[in-house]
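Enquirer: My structure is below; once you've seen it, I'll send some questions.
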Number of protein chains: 2
Amino acid sequence: MSYRAPISDILFAMTHEAGLAEGLSDGVYTDLGDGFAEATLLEAGKFAENILAPLNRLGDKEPAKLDAGRVKTTPGWPAAYKQWTAGGWNAITAPLEYGGMGLPALLNTACIEIWNAANMAFSLCPLLTLGAIEAAHSHASEALKSRYLAKLVSGEWTGTMNLTEPQAGSDLGALRTKAERQADGAYKIFGSKIFITYGEHDLAENIIHFVLARLPDAPAGTRGISLFLVPKFLVESDGSLGARNDVHCVSLEHKLGIHGSPTCTMVYGEHGGATAYLVGEQHKGLACMFTMMNNARLNVGVQGVAIAERAFQQALSYAKERRQGRAAGDAGEAMSVILRHPDVRRMLMTMKALTAAARAICLMTANAIDRSHRAKDAGECKAAAERASLLTPVAKAFSTDIGSEVASLGIQVHGGMGYIEETGAAQFLRDARIASIYEGTNGIQAIDLVHRKLGLSGGGAVKREIDDMRKVLEALQKTNAESFGEMAPRLIEAVASLERATAFMLNALQTHPEDALAGATPYLRLFAYARGGSALARGALAAHRLASDGATDPALAARIATARFFAENIASGAGGLELSVVHGAGSVNAGAFALAI
Amino acid sequence: MSYRAPISDILFAMTHEAGLAEGLSDGVYTDLGDGFAEATLLEAGKFAENILAPLNRLGDKEPAKLDAGRVKTTPGWPAAYKQWTAGGWNAITAPLEYGGMGLPALLNTACIEIWNAANMAFSLCPLLTLGAIEAAHSHASEALKSRYLAKLVSGEWTGTMNLTEPQAGSDLGALRTKAERQADGAYKIFGSKIFITYGEHDLAENIIHFVLARLPDAPAGTRGISLFLVPKFLVESDGSLGARNDVHCVSLEHKLGIHGSPTCTMVYGEHGGATAYLVGEQHKGLACMFTMMNNARLNVGVQGVAIAERAFQQALSYAKERRQGRAAGDAGEAMSVILRHPDVRRMLMTMKALTAAARAICLMTANAIDRSHRAKDAGECKAAAERASLLTPVAKAFSTDIGSEVASLGIQVHGGMGYIEETGAAQFLRDARIASIYEGTNGIQAIDLVHRKLGLSGGGAVKREIDDMRKVLEALQKTNAESFGEMAPRLIEAVASLERATAFMLNALQTHPEDALAGATPYLRLFAYARGGSALARGALAAHRLASDGATDPALAARIATARFFAENIASGAGGLELSVVHGAGSVNAGAFALAI
């Protein structure tokens, strides 16, 4: 089936779970008022449904191809990309002074879900450009900005991130690509980069590479890395395209999924050196990259939500049509639609609830990013920035993990048909699987959460987050409608588990840092259960209030049922995760010799 | 890296976890004594490592192809199949009177793991033949047996199972393929079957199809299905091959994985009818099919174990070579191997522990099958048969689910390289994914466990199983070595959760069968945690005893560490699953309208 953008679900989550309602009333989101958010999402949905989604299977079957150094993308993609830029979709959050709309991350995050659900391999290209815009805007000189930013904002040119080398993946300190200063103030780059998404393609007339490299006098490790801008075609002072730069795609990877997205090995400087321009200060390249990586991590998390939503839609549609067996309580001789079977319903509700929780976490993170820039007082800005930092690894890792889990369940709902490529369910799993790996593996995210984020403000940031969950749960207990089932007790237990596990972690970081690292992954999952569950509970409370006030939308009851399902069947796993965090490190360490023999 | 058959792990699990030691001492396994089991496994391992494993990637890259009705398998496969039959591997459990070796299921199950780890797509072919041998031996007339069985046993001919039709998957009652009686006592078959594994190929000179079809006077539904034997080439009375029968492969599926295994759409009777022979009584075909399906389900479970083992081996090998970052405690400036990072170690231990638990459950199930035939008194045979019935859905569903989970973790350990097809890690996930679907989806297994198996002997069978777990745990508590960590408390909690969830299920089956169905999947997982955890604990006790008696094999300590990891980090999830079983049904039901809108 084709994709339908779940506008009302997204809008509800933005409004009642992720802070849009508060932002509208306290002035942080003045630019989203008067139905502007909904109108934008509706337009985005049309574009995704009509232009991007129909090209998704084709991208899988007819991947981008390399021929004599040029990459030809899937038929139809260049035309779709033209429509993308013409629609102005590239510029939602981009700075006003370079032609962007300067709109909040919350709105863009919602749109990014919609693009990626429709066609993840295609939408990766603008996602990379977004990162490039951010890197340039935050760190590049005025001269570079004025020459490159407007075209990146419009999408006429696209951007890439060049980090990985064969020996330098998670550990960027090991990278070897070299940069040499030139007399004119520019640089020459020499080296190879792998896994470069959209490193070469035919969607746009120029490609602006952001490349990490070492200057000759650079200290070893991560403190000796600088960031450079390397255009595919040099840009003249009048903005016209000049000579072809010495950067070339030499091969494409043959990947499990996202076939439509060319993953390039890029070679710099085989013919005298690739002309490059320093971005930010020398040796401070990693810090520049991290600015942009934080948002990129959120956006990759959103890809997980996107594929989960898409897989859910297709599985639900199949379950409403496919007939097998007779469900208890169904009259007559005919076979029942499989949606009537409780086990199928459990799979679908698991898909729906995981997707909703991950969406809420991603949108909350975007809201924190917005507040970190837009809040009225400096204290609130700082707290919001810390909140964004804390939630980002959770948004990235949990959402991408559930992206694969939900896609796998989607295959299962289809039975044998799910294993046949033509059905499309398998593609979702193949596509989703990368998101747990790139932009920092989910293991790195878990370590980031525990090692760098729990300590923010001496543990104050995570304490504020848990307090926020508790506030929701107090309201939940007070209301405690019958339709809530055991939502309150399950979530209270989950947050209590998170609180104890957090105390354990904060202590372990001081006393046994190995134990903190050993429990990082289950801790992140526990965090997501508590945070996601209480966010959905917040939505359920709003839905209950609206229904009590007379609203008749059946989606309101569905939202309560989804929140309840999450609490009773997913957040219910919190106690086990706590055990693993608090008592599991010993056996991870004991595993050292079990694995060594 | 290439596959190495884990002979000592398998032999240890057979001996100390799955009843080989008892069977050797009480005479059930006289034919496995004097090192025969180990010698057989070593030979099987050589064949798998040297002949099957090197063809695995090729099968993925150069799948079986259909050309003018004939299927050409991957280059090298026909020769490998010849070596397979020449080695006598097809005949391990087959009846002596038809040239088989009549050896126990326990040994064959161990071999099946080894074949499938080396090359799952190849090994599917003999797996299907095994089912065909069983169906023929248990239900066919003497005339059919004498004409067909010896060649199936030797592997000169292969077998298929023809069940599925487009409208009849999990619900075989809906099948429409017709059989018409002929004057000579034979039948003609008309109809189409889909998803027929090795329905056509060039590995053997004849293919014997076992086909479910309806006779004209058949009652509707599952009580009107008969089983037929349909040879690709008719067989003359002297055993020579006669005319080509009217059964043809018209297309192959394009699947997510197991590319080397041709999945055929078979058309019967387009040219006058396919000659067929009734197997068993008319209208009793489903019962005949179920005899063979129970063992086939165990064998598919073993495929899950196999791929998990293979994925683990490759990930571990990568983690021992790949260097990134510096682990705490590592001296010097060099990067550490990633195995030194606690989060990577957690992934690898999760892979190892899940694989070990699933292997133990599969081997236990095989042991129960053996005892159901070989035990000295009728009472023990009956109890063992019930035990095999009870454990089979757990072996199938848990092992195949963890097969995909472990393969997915294997990708994750590889980081970006895991997403590149050439690495091979992605193929394991693609291959593994089918096993949760075919031979009865895992949802069907969970329903089978709850609906048909919990009630065996009025709940007596499951009670005996739980009592057996408790016995292990008592010994565990008594010994309670320091290396056991929190193995005992975690497993005691897990078994208590299983006991309460079982009581809930037995009651719900009487009072609210919908609620039992709603919780079937988490119940099966809980069952596997308790059963797998206590089986590994049994192994850990044996390892501890052996080490205390002076054995110095470092693998003994590794087995204890693996059992401990399983208890502390996996079985620790039992409480959450219990909550989901006992308190989760309401929200599954509430999901009905959430999904309907």
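As shown in the structure tokens, the chain order sets the letters A, B, ...; within each chain, residues go from 1, and ligands are also counted from 1 in the order they appear.
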Could you list the residues in chain A lying within 6 Å of chain B, using only C-alpha atoms, and format the result as an MDAnalysis selection string?
Expert: chainID A and resid 171 254:256 324:325 342:343 346 415 419:421 437 517:518 558 561 565 568:569 572:573 576 580 584 587:588 590:591 594
Enquirer: For CA of Arg310 (chain A) and CA of Leu409 (chain A), quote the distance in Å rounded to one decimal.
Expert: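 Those two atoms sit 12.1 Å apart.
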Enquirer: Hey, what's within 8 Å of region 267-276 of chain A if we count only C-alpha atoms and toss same-chain stuff fewer than 3 positions away? As JSON, numbers by chain, please?
Expert: {"A": [186, 187, 188, 189, 190, 191, 192, 193, 228, 229, 230, 231, 234, 245, 246, 247, 248, 249, 250]}
Enquirer: So what do you get for CA of Ala94 (chain A) versus CA of Asn108 (chain A), distance-wise?
Expert: 10.0 Å
Enquirer: Using CA of Met120 (chain B) and CA of Ala135 (chain B) as the two end points, give the distance in Å to one decimal.
Expert: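 CA of Met120 (chain B) sits 22.4 Å away from CA of Ala135 (chain B).
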Enquirer: Once DSSP has gone over the backbone, tell me which residues of region 32-237 of chain B are in strand (DSSP E or B), as a ChimeraX atom specification.
Expert: /B:65-67,70-72,157-162,165,168,178-181,187-197,206-214,225-231,233-235
Enquirer: I'd like the neighbourhood of region 455-468 of chain B as a CSV table (one decimal) with C-alpha atoms, in the first residue's frame, where a residue qualifies if any of its atoms comes within 8 Å (using only C-alpha atoms), though same-chain residues fewer than 3 positions away should be ignored.
Expert:
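Output (out_13.csv):
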chain,number,residue,atom,x,y,z
B,383,ALA,CA,5.6,-38.6,29.4
B,386,GLU,CA,4.2,-35.1,25.9
B,387,ARG,CA,7.4,-33.3,26.8
B,390,LEU,CA,5.4,-29.2,24.9
B,450,VAL,CA,-0.8,-22.3,25.1
B,451,HIS,CA,-3.8,-23.9,23.4
B,452,ARG,CA,-2.8,-27.4,22.8
B,471,LYS,CA,15.3,-29.4,40.7
B,472,VAL,CA,18.1,-27.7,38.9
B,495,VAL,CA,10.7,-19.9,37.2
B,499,GLU,CA,4.7,-20.8,37.3
B,506,LEU,CA,-4.6,-22.6,32.5
